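Colleague: Right, I'll just put the structure down here and ask away after.
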Amino acid sequence: MIAEVPVIACVPNILVQKAYLKPMRLQTGGTILAGKLALERGWAINIGGGFHHCSAGKGGGFCAYADITLLIKNLVLHRGVQNTMIVDLDAHQGNGYERDFLGVPEVYIMDMYNRHIYPRDEEAKRAIRRKIELGNKVDDLEYMIKLRKNLREALKEFKPDILVYNAGTDILDSDPLGHMRISDVGIIKRDEFVFEICKEQDIPVVMLTSGGYLRRTAKIIADSIMNLKNKGLIGCTRNQKY
């Protein structure tokens with residue numbers, strides 16, 4: 001039910017663990033580690049994670065582990081973090097962690113998503129402090145105008161100790177699940193803006209790569225990370241631990 005692939009029910013558990021659940025557990029561990037590293041160096045990127053449809057009590061939408069909830073709870077319990085902002089720019093609403101943080105004022109959620117697609121979870125939407133609902137076939141210009149305006153306003157309303165950036169690439173033009181029309185360059189500029197504003201306001205940022213369902217997504221993520229490095233938005237200084 002979580003993977004939305006019924007045939008998995010007929011597959012031996014050892015194969016399900018090896019091919020599906022173990023890789024997701026490793027990515028979940030990567031998300032938690034990224035939070036620790038972001039506090040130490042100002043940024044961290046997990047090439048994976050961002051399982052935003054999974055809550056503490058229920059999986060769904062391919063997401064078996066609630067890595068975003070685990071990340072934030074770990075930061076609060078073990079790293080002294082008080083206020084966290086989640087900026088979810090995946091094409092889908094992040095209903096899993098939204099259900100976990102419903103009524104929690106220390107977690108500010110900004111979610112920008114296609115309102116016409118899964119999960120359309122009205123109960124979870126109550127947790128969103130800044131909700132930007134988009135239509136199908138949104139292009140780069142409209143997307144970036146709304147992102148710039150709303151993220152700047154969100155950071156005026158709330159001062160986070162850390163920002164969790166769910167950077168799904170399923171907003172890409174021709175992605176079969178996102179139904180939006182953002183170009184490769186649009187995704188790179190989106191990521192650049194988020195890191196730029198975090199650096200400008202001295203906010204540690206954790207980036208999770210989340211959803212993306214095209215083969216060329218991997219190259220776009222790599223190109224985006226290289227762009228962040230070339231722009232001086234990520235990198236290690238001499239006194240940082242590798």
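Chain identifiers are assigned as A, B, and so on, following the order in which chains appear in the structure tokens; residues are numbered from 1 within each chain, and ligands are numbered from 1 in order of appearance.
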With a cut-off of 7 Å, could you pull out the residues of stretch 46-153 of chain A touching stretch 157-170 of chain A and give me the nearest pair of atoms for each, distance in Å to one decimal, using only C-alpha atoms, ordered by chain and ascending number, as a tab-separated table?

Modeller:
```
residue	atom	partner	partner_atom	distance
A:Gly50	CA	A:Asn166	CA	5.8
A:Val81	CA	A:Asp161	CA	6.2
A:Gln82	CA	A:Asp161	CA	6.7
A:Asn83	CA	A:Pro160	CA	4.8
A:Thr84	CA	A:Pro160	CA	4.9
A:Met85	CA	A:Leu163	CA	4.8
A:Ile86	CA	A:Val164	CA	4.7
A:Val87	CA	A:Tyr165	CA	4.9
A:Asp88	CA	A:Asn166	CA	4.6
A:Leu89	CA	A:Ala167	CA	5.5
A:Asp90	CA	A:Gly168	CA	3.9
A:Ala91	CA	A:Asp170	CA	5.7
A:Glu153	CA	A:Glu157	CA	6.4
```

Colleague: List every residue of stretch 176-221 of chain A that has an atom at most 12 Å from any atom of stretch 58-62 of chain A, and for each one report the closest atom pair and its distance in Å to one decimal, counting only C-alpha atoms, with rows sorted by chain and then by increasing residue number, as JSON lines.

Modeller:
```
{"residue": "A:Leu177", "atom": "CA", "partner": "A:Gly61", "partner_atom": "CA", "distance": 11.2}
{"residue": "A:Ser210", "atom": "CA", "partner": "A:Phe62", "partner_atom": "CA", "distance": 10.7}
{"residue": "A:Gly211", "atom": "CA", "partner": "A:Phe62", "partner_atom": "CA", "distance": 9.6}
{"residue": "A:Gly212", "atom": "CA", "partner": "A:Phe62", "partner_atom": "CA", "distance": 11.8}
{"residue": "A:Tyr213", "atom": "CA", "partner": "A:Phe62", "partner_atom": "CA", "distance": 11.8}
```

Colleague: Put those residues in a file: N, CA, C and O atoms, as a PDB file, in the first residue's frame.

Modeller:
```pdb
ATOM      1  N   LEU A 177       4.330  12.672 -12.929  1.00  0.00           N
ATOM      2  CA  LEU A 177       3.497  12.804 -11.738  1.00  0.00           C
ATOM      3  C   LEU A 177       3.279  14.246 -11.292  1.00  0.00           C
ATOM      4  O   LEU A 177       2.298  14.539 -10.610  1.00  0.00           O
ATOM      5  N   SER A 210      14.117  14.490  -2.481  1.00  0.00           N
ATOM      6  CA  SER A 210      12.698  14.146  -2.574  1.00  0.00           C
ATOM      7  C   SER A 210      12.294  13.557  -3.929  1.00  0.00           C
ATOM      8  O   SER A 210      13.018  12.761  -4.509  1.00  0.00           O
ATOM      9  N   GLY A 211      11.107  13.974  -4.464  1.00  0.00           N
ATOM     10  CA  GLY A 211      10.538  13.325  -5.653  1.00  0.00           C
ATOM     11  C   GLY A 211      11.147  13.780  -6.963  1.00  0.00           C
ATOM     12  O   GLY A 211      11.611  14.904  -7.101  1.00  0.00           O
ATOM     13  N   GLY A 212      11.086  12.901  -7.944  1.00  0.00           N
ATOM     14  CA  GLY A 212      11.585  13.154  -9.288  1.00  0.00           C
ATOM     15  C   GLY A 212      11.555  11.847 -10.063  1.00  0.00           C
ATOM     16  O   GLY A 212      12.179  10.879  -9.629  1.00  0.00           O
ATOM     17  N   TYR A 213      10.853  11.813 -11.185  1.00  0.00           N
ATOM     18  CA  TYR A 213      10.532  10.525 -11.799  1.00  0.00           C
ATOM     19  C   TYR A 213      10.953  10.430 -13.263  1.00  0.00           C
ATOM     20  O   TYR A 213      10.315   9.735 -14.056  1.00  0.00           O
TER      21      TYR A 213
END
```

Colleague: Measuring atom to atom with only C-alpha atoms, identify which of A:Leu155, A:Arg130, A:His179, A:Arg79 is nearest to A:Glu40.

Modeller: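 Closest candidate: A:Arg79.
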
Colleague: Give me the residues within 8 Å of A:Gln27 as a ChimeraX atom specification, counting only C-alpha atoms and dropping any in the same chain fewer than 2 places off.

Modeller: /A:23-25,29-31,46-49

Colleague: Per DSSP on the backbone, filter stretch 12-136 of chain A down to the residues in alpha helix (DSSP H) and report them as a PyMOL selection string.

Modeller: chain A and resi 13-16+22-41+67-79+95-100+122-125

Colleague: Give me the residues within 12 Å of A:Arg148 as a PyMOL selection string, counting only C-alpha atoms and dropping any in the same chain fewer than 5 places off.

Modeller: chain A and resi 112+132+140-143+153-155+189-194+196-197

Colleague: May I have the residues within 6 Å of stretch 117-128 of chain A as number ranges by chain, using only C-alpha atoms and disregarding those fewer than 4 positions away in the same chain?

Modeller: A: 95, 98-99, 102, 109

Colleague: Leaving out A:Asp184 and any residue of its chain fewer than 6 positions from it, which residues lie within 12 Å of it when counting only C-alpha atoms, given as a list in words?

Modeller: Asp139, Asp140, Thr169, Asp170, Ile171, Leu172, Asp173, Ser174, Asp175, Arg190, Asp191, Leu214, Arg216, Thr217, Ala218, Lys219, Ile220, Ile221, Ala222, Asp223 and Ser224 of chain A

Colleague: Would you mind listing what lies within 7 Å of A:Tyr65 as a list in words, with only C-alpha atoms counted and same-chain residues fewer than 4 positions away left out?

Modeller: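 Using only C-alpha atoms, the neighbours found are Thr28, Phe51, Cys54 and Gly59 of chain A.
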
Colleague: What does the file look like for those residues with N, CA and C atoms, as a PDB file, in the first residue's frame?

Modeller:
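Result file follows (part-v4.pdb):
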```
ATOM      1  N   THR A  28      17.074   7.768   5.099  1.00  0.00           N
ATOM      2  CA  THR A  28      16.547   8.381   6.322  1.00  0.00           C
ATOM      3  C   THR A  28      17.687   8.734   7.270  1.00  0.00           C
ATOM      4  N   PHE A  51      10.996  12.128   2.335  1.00  0.00           N
ATOM      5  CA  PHE A  51       9.823  11.243   2.234  1.00  0.00           C
ATOM      6  C   PHE A  51       8.621  11.926   2.884  1.00  0.00           C
ATOM      7  N   CYS A  54       5.071  10.454   4.411  1.00  0.00           N
ATOM      8  CA  CYS A  54       5.042   9.538   5.553  1.00  0.00           C
ATOM      9  C   CYS A  54       4.977  10.330   6.854  1.00  0.00           C
ATOM     10  N   GLY A  59       2.579   5.404   6.486  1.00  0.00           N
ATOM     11  CA  GLY A  59       3.300   5.669   5.241  1.00  0.00           C
ATOM     12  C   GLY A  59       2.341   5.893   4.091  1.00  0.00           C
TER      13      GLY A  59
END
```

Colleague: For a test of reading the model, state the distance in Å between atom CA of A:His53 and atom CA of A:Gly94, rounded to one decimal.

Modeller: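 We find that atom CA of A:His53 and atom CA of A:Gly94 lie 5.6 Å from each other.
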
Colleague: Would you mind telling me which residue in A:Arg129, A:Arg115, A:Lys146, A:Lys199 lies nearest to A:Leu228 when using only C-alpha atoms?

Modeller: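 Residue with the minimum atom-to-atom distance to A:Leu228: A:Lys199.
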
Colleague: Interatomic distance between atom CA of A:Lys22 and atom CA of A:Met1?

Modeller: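 These atoms are spaced 17.4 Å apart.
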
Colleague: Step one, run DSSP on the backbone; step two, keep only residues of stretch 22-142 of chain A assigned to strand (DSSP E or B); then write them as JSON, numbers by chain.

Modeller: {"A": [43, 44, 45, 46, 60, 63, 84, 85, 86, 87, 88, 107, 108, 109, 110, 111, 112, 113, 114, 130, 131, 132, 133, 134]}

Colleague: Nearest residue to A:Val206 out of A:Val5, A:Ala66, A:Ala34, A:Ile182, using only C-alpha atoms?

Modeller: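 Nearest candidate to A:Val206 out of A:Val5, A:Ala66, A:Ala34, A:Ile182: A:Ala34.
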
Colleague: Measure the distance from atom CA of A:Val138 to atom CA of A:Leu151 in Å and round it to one decimal.

Modeller: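 Rounded to one decimal, the two atoms are 17.8 Å apart.
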